[in-house]
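Structure, as structure tokens:
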Amino acid sequence: LLGVVVLYVAATQLMLIPQKNELRKTADSLRQVFDDIALTSQEDAKALGNKAALTAKQKEIEETVAPLFVKDSGYLKPALNTLMGEISSIAYGDTLIRSQELVKSKTAKCLINEDTASLTMEYTYKVSGDFMDYRTEGVVSVQDGKQTVYMTLIFQKSEGDWKLYRVSGLSRDSYDSIREAAK
């Protein structure tokens with residue numbers, strides 16, 4: 001009986017591999033948009049200070065991200081606000097990434113239940129740039145530091161494909177690099 005249970009669990013996990021790959025592919029597409037935004041120069045971010053330029057940039061990002069989402073999910077706008085928050089962070093000088101290289105990606109958690117799924121990814125980068133150290137309230141320059149992007153996404157099956165329903169979490173962590181640079 002134990003052998004049958006083990007075989008059943010193994011078989012069901014193997015059947016989920018293509019679905020997990022589809023979820024990761026969508027997460028990687030969103031990560032790429034986030035990466036492109038992160039490399040915005042401070043001058044370009046400040047140029048978005050006028051309403052027309054900011055609206056145009058948000059429309060450009062929306063056109064890229066919208067196909068990843070379930071039609072009429074209602075959570076596209078909050079996701080756009082999160083992505084646009086990166087530009088604000090750059091414009092205000094809290095973060096300025098001059099270079100970044102993806103070192104590894106890791107699926108921290110993936111849960112699939114019929115037509116819904118939750119995926120948490122961790123992307124580790126080698127970065128160079130300036131980051132706000134909130135302990136000292138100053139900017140710290142980092143060369144070849146480590147940064148992790150955490151992403152938690154909620155998916156829904158739509159017309160047979162996995163689509164984003166909501167971006168539950170999207171954040172950067174460069175605290176280890178800031179601590180190392182400050183020493």
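Order determines the names: the first chain of the structure tokens is A, the second B, and so forth; residues in each chain are numbered 1 upward, and ligands are numbered 1 upward as they are shown.
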Which stretch 110-180 of chain A residues have any atom within 9 Å of an atom of stretch 64-69 of chain A, and for each, what is the nearest pair of atoms with distance in Å to one decimal, counting only C-alpha atoms, rows sorted by chain and number, as a Markdown table?
```
| residue | atom | partner | partner_atom | distance |
| --- | --- | --- | --- | --- |
| A:Phe155 | CA | A:Phe69 | CA | 8.4 |
| A:Gln156 | CA | A:Phe69 | CA | 8.9 |
| A:Trp162 | CA | A:Leu68 | CA | 8.7 |
| A:Lys163 | CA | A:Phe69 | CA | 5.1 |
| A:Leu164 | CA | A:Phe69 | CA | 4.3 |
| A:Tyr165 | CA | A:Phe69 | CA | 5.8 |
| A:Arg166 | CA | A:Phe69 | CA | 7.9 |
```
Would you save the residues from that selection as a PDB file, in the first residue's frame, using all heavy atoms?
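So the final result, stored in again36.pdb, reads:
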```
ATOM      1  N   PHE A 155      -1.795  32.774  -9.831  1.00  0.00           N
ATOM      2  CA  PHE A 155      -2.198  32.467 -11.204  1.00  0.00           C
ATOM      3  C   PHE A 155      -3.601  31.883 -11.232  1.00  0.00           C
ATOM      4  O   PHE A 155      -4.067  31.310 -10.258  1.00  0.00           O
ATOM      5  CB  PHE A 155      -1.255  31.425 -11.815  1.00  0.00           C
ATOM      6  CG  PHE A 155       0.130  31.923 -12.072  1.00  0.00           C
ATOM      7  CD1 PHE A 155       1.092  31.907 -11.076  1.00  0.00           C
ATOM      8  CD2 PHE A 155       0.482  32.396 -13.326  1.00  0.00           C
ATOM      9  CE1 PHE A 155       2.371  32.353 -11.320  1.00  0.00           C
ATOM     10  CE2 PHE A 155       1.760  32.841 -13.579  1.00  0.00           C
ATOM     11  CZ  PHE A 155       2.716  32.823 -12.574  1.00  0.00           C
ATOM     12  N   GLN A 156      -4.211  32.005 -12.410  1.00  0.00           N
ATOM     13  CA  GLN A 156      -5.497  31.382 -12.655  1.00  0.00           C
ATOM     14  C   GLN A 156      -5.454  30.824 -14.079  1.00  0.00           C
ATOM     15  O   GLN A 156      -4.890  31.447 -14.973  1.00  0.00           O
ATOM     16  CB  GLN A 156      -6.615  32.416 -12.539  1.00  0.00           C
ATOM     17  CG  GLN A 156      -7.992  31.860 -12.714  1.00  0.00           C
ATOM     18  CD  GLN A 156      -9.051  32.947 -12.509  1.00  0.00           C
ATOM     19  OE1 GLN A 156      -8.760  34.128 -12.430  1.00  0.00           O
ATOM     20  NE2 GLN A 156     -10.289  32.515 -12.432  1.00  0.00           N
ATOM     21  N   TRP A 162      -2.118  29.246 -18.139  1.00  0.00           N
ATOM     22  CA  TRP A 162      -1.903  29.885 -16.853  1.00  0.00           C
ATOM     23  C   TRP A 162      -1.630  31.363 -17.092  1.00  0.00           C
ATOM     24  O   TRP A 162      -0.739  31.730 -17.840  1.00  0.00           O
ATOM     25  CB  TRP A 162      -0.732  29.260 -16.108  1.00  0.00           C
ATOM     26  CG  TRP A 162      -1.039  27.923 -15.542  1.00  0.00           C
ATOM     27  CD1 TRP A 162      -0.595  26.722 -15.985  1.00  0.00           C
ATOM     28  CD2 TRP A 162      -1.859  27.654 -14.407  1.00  0.00           C
ATOM     29  NE1 TRP A 162      -1.096  25.710 -15.211  1.00  0.00           N
ATOM     30  CE2 TRP A 162      -1.877  26.248 -14.231  1.00  0.00           C
ATOM     31  CE3 TRP A 162      -2.590  28.438 -13.534  1.00  0.00           C
ATOM     32  CZ2 TRP A 162      -2.588  25.641 -13.203  1.00  0.00           C
ATOM     33  CZ3 TRP A 162      -3.304  27.827 -12.514  1.00  0.00           C
ATOM     34  CH2 TRP A 162      -3.293  26.445 -12.353  1.00  0.00           C
ATOM     35  N   LYS A 163      -2.417  32.211 -16.448  1.00  0.00           N
ATOM     36  CA  LYS A 163      -2.249  33.663 -16.541  1.00  0.00           C
ATOM     37  C   LYS A 163      -2.127  34.232 -15.139  1.00  0.00           C
ATOM     38  O   LYS A 163      -2.661  33.682 -14.179  1.00  0.00           O
ATOM     39  CB  LYS A 163      -3.455  34.307 -17.238  1.00  0.00           C
ATOM     40  CG  LYS A 163      -3.664  33.890 -18.667  1.00  0.00           C
ATOM     41  CD  LYS A 163      -2.699  34.601 -19.555  1.00  0.00           C
ATOM     42  CE  LYS A 163      -3.033  34.380 -21.015  1.00  0.00           C
ATOM     43  NZ  LYS A 163      -2.204  35.173 -21.886  1.00  0.00           N
ATOM     44  N   LEU A 164      -1.431  35.355 -15.040  1.00  0.00           N
ATOM     45  CA  LEU A 164      -1.328  36.041 -13.762  1.00  0.00           C
ATOM     46  C   LEU A 164      -2.696  36.564 -13.351  1.00  0.00           C
ATOM     47  O   LEU A 164      -3.416  37.133 -14.171  1.00  0.00           O
ATOM     48  CB  LEU A 164      -0.376  37.230 -13.869  1.00  0.00           C
ATOM     49  CG  LEU A 164       1.103  36.946 -13.793  1.00  0.00           C
ATOM     50  CD1 LEU A 164       1.889  38.207 -14.097  1.00  0.00           C
ATOM     51  CD2 LEU A 164       1.471  36.405 -12.436  1.00  0.00           C
ATOM     52  N   TYR A 165      -3.010  36.356 -12.105  1.00  0.00           N
ATOM     53  CA  TYR A 165      -4.222  36.943 -11.543  1.00  0.00           C
ATOM     54  C   TYR A 165      -3.835  38.148 -10.689  1.00  0.00           C
ATOM     55  O   TYR A 165      -4.474  39.185 -10.734  1.00  0.00           O
ATOM     56  CB  TYR A 165      -4.987  35.914 -10.714  1.00  0.00           C
ATOM     57  CG  TYR A 165      -6.234  36.460 -10.093  1.00  0.00           C
ATOM     58  CD1 TYR A 165      -7.347  36.744 -10.877  1.00  0.00           C
ATOM     59  CD2 TYR A 165      -6.300  36.715  -8.728  1.00  0.00           C
ATOM     60  CE1 TYR A 165      -8.496  37.277 -10.317  1.00  0.00           C
ATOM     61  CE2 TYR A 165      -7.448  37.245  -8.163  1.00  0.00           C
ATOM     62  CZ  TYR A 165      -8.540  37.523  -8.951  1.00  0.00           C
ATOM     63  OH  TYR A 165      -9.683  38.051  -8.394  1.00  0.00           O
ATOM     64  N   ARG A 166      -2.726  37.966  -9.932  1.00  0.00           N
ATOM     65  CA  ARG A 166      -2.294  39.035  -9.028  1.00  0.00           C
ATOM     66  C   ARG A 166      -0.811  38.906  -8.732  1.00  0.00           C
ATOM     67  O   ARG A 166      -0.290  37.808  -8.599  1.00  0.00           O
ATOM     68  CB  ARG A 166      -3.081  38.946  -7.724  1.00  0.00           C
ATOM     69  CG  ARG A 166      -2.723  40.005  -6.722  1.00  0.00           C
ATOM     70  CD  ARG A 166      -3.606  39.954  -5.532  1.00  0.00           C
ATOM     71  NE  ARG A 166      -3.548  38.650  -4.890  1.00  0.00           N
ATOM     72  CZ  ARG A 166      -3.817  38.441  -3.627  1.00  0.00           C
ATOM     73  NH1 ARG A 166      -4.180  39.427  -2.854  1.00  0.00           N
ATOM     74  NH2 ARG A 166      -3.735  37.245  -3.115  1.00  0.00           N
TER      75      ARG A 166
END
```
Could you pull the residues within 10 Å of A:Ile90, counting only C-alpha atoms, minus those fewer than 4 positions along the same chain, as a list in words? Ile37, Ala38, Leu39, Thr40, Ser41, Gln42, Glu43, Asp44, Ala45, Lys46, Gly85, Glu86, Asp94, Thr95, Leu96, Ile97, Asp130 and Phe131 of chain A
Give the alpha helix (DSSP H) residues of stretch 6-177 of chain A, as DSSP finds them on the backbone, and put them as number ranges by chain. A: 6-38, 42-47, 51-65, 76-91, 175-177
Identify, on the basis of only C-alpha atoms, every residue whose closest approach to A:Thr152 does not exceed 7 Å; exclude the query and any residue fewer than 4 positions from it along the same chain; express the result as a list of chain:residue names. A:Leu119, A:Thr120, A:Met121, A:Val167, A:Ser168, A:Gly169, A:Leu170
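Here atom CA of A:Asn81 is placed at a distance of 22.3 Å from atom CA of A:Tyr134.
Of the listed residues (A:Ile112, A:Ala53, A:Ala47, A:Leu80), A:Ile112 comes nearest to A:Asn21; the distances count only C-alpha atoms.
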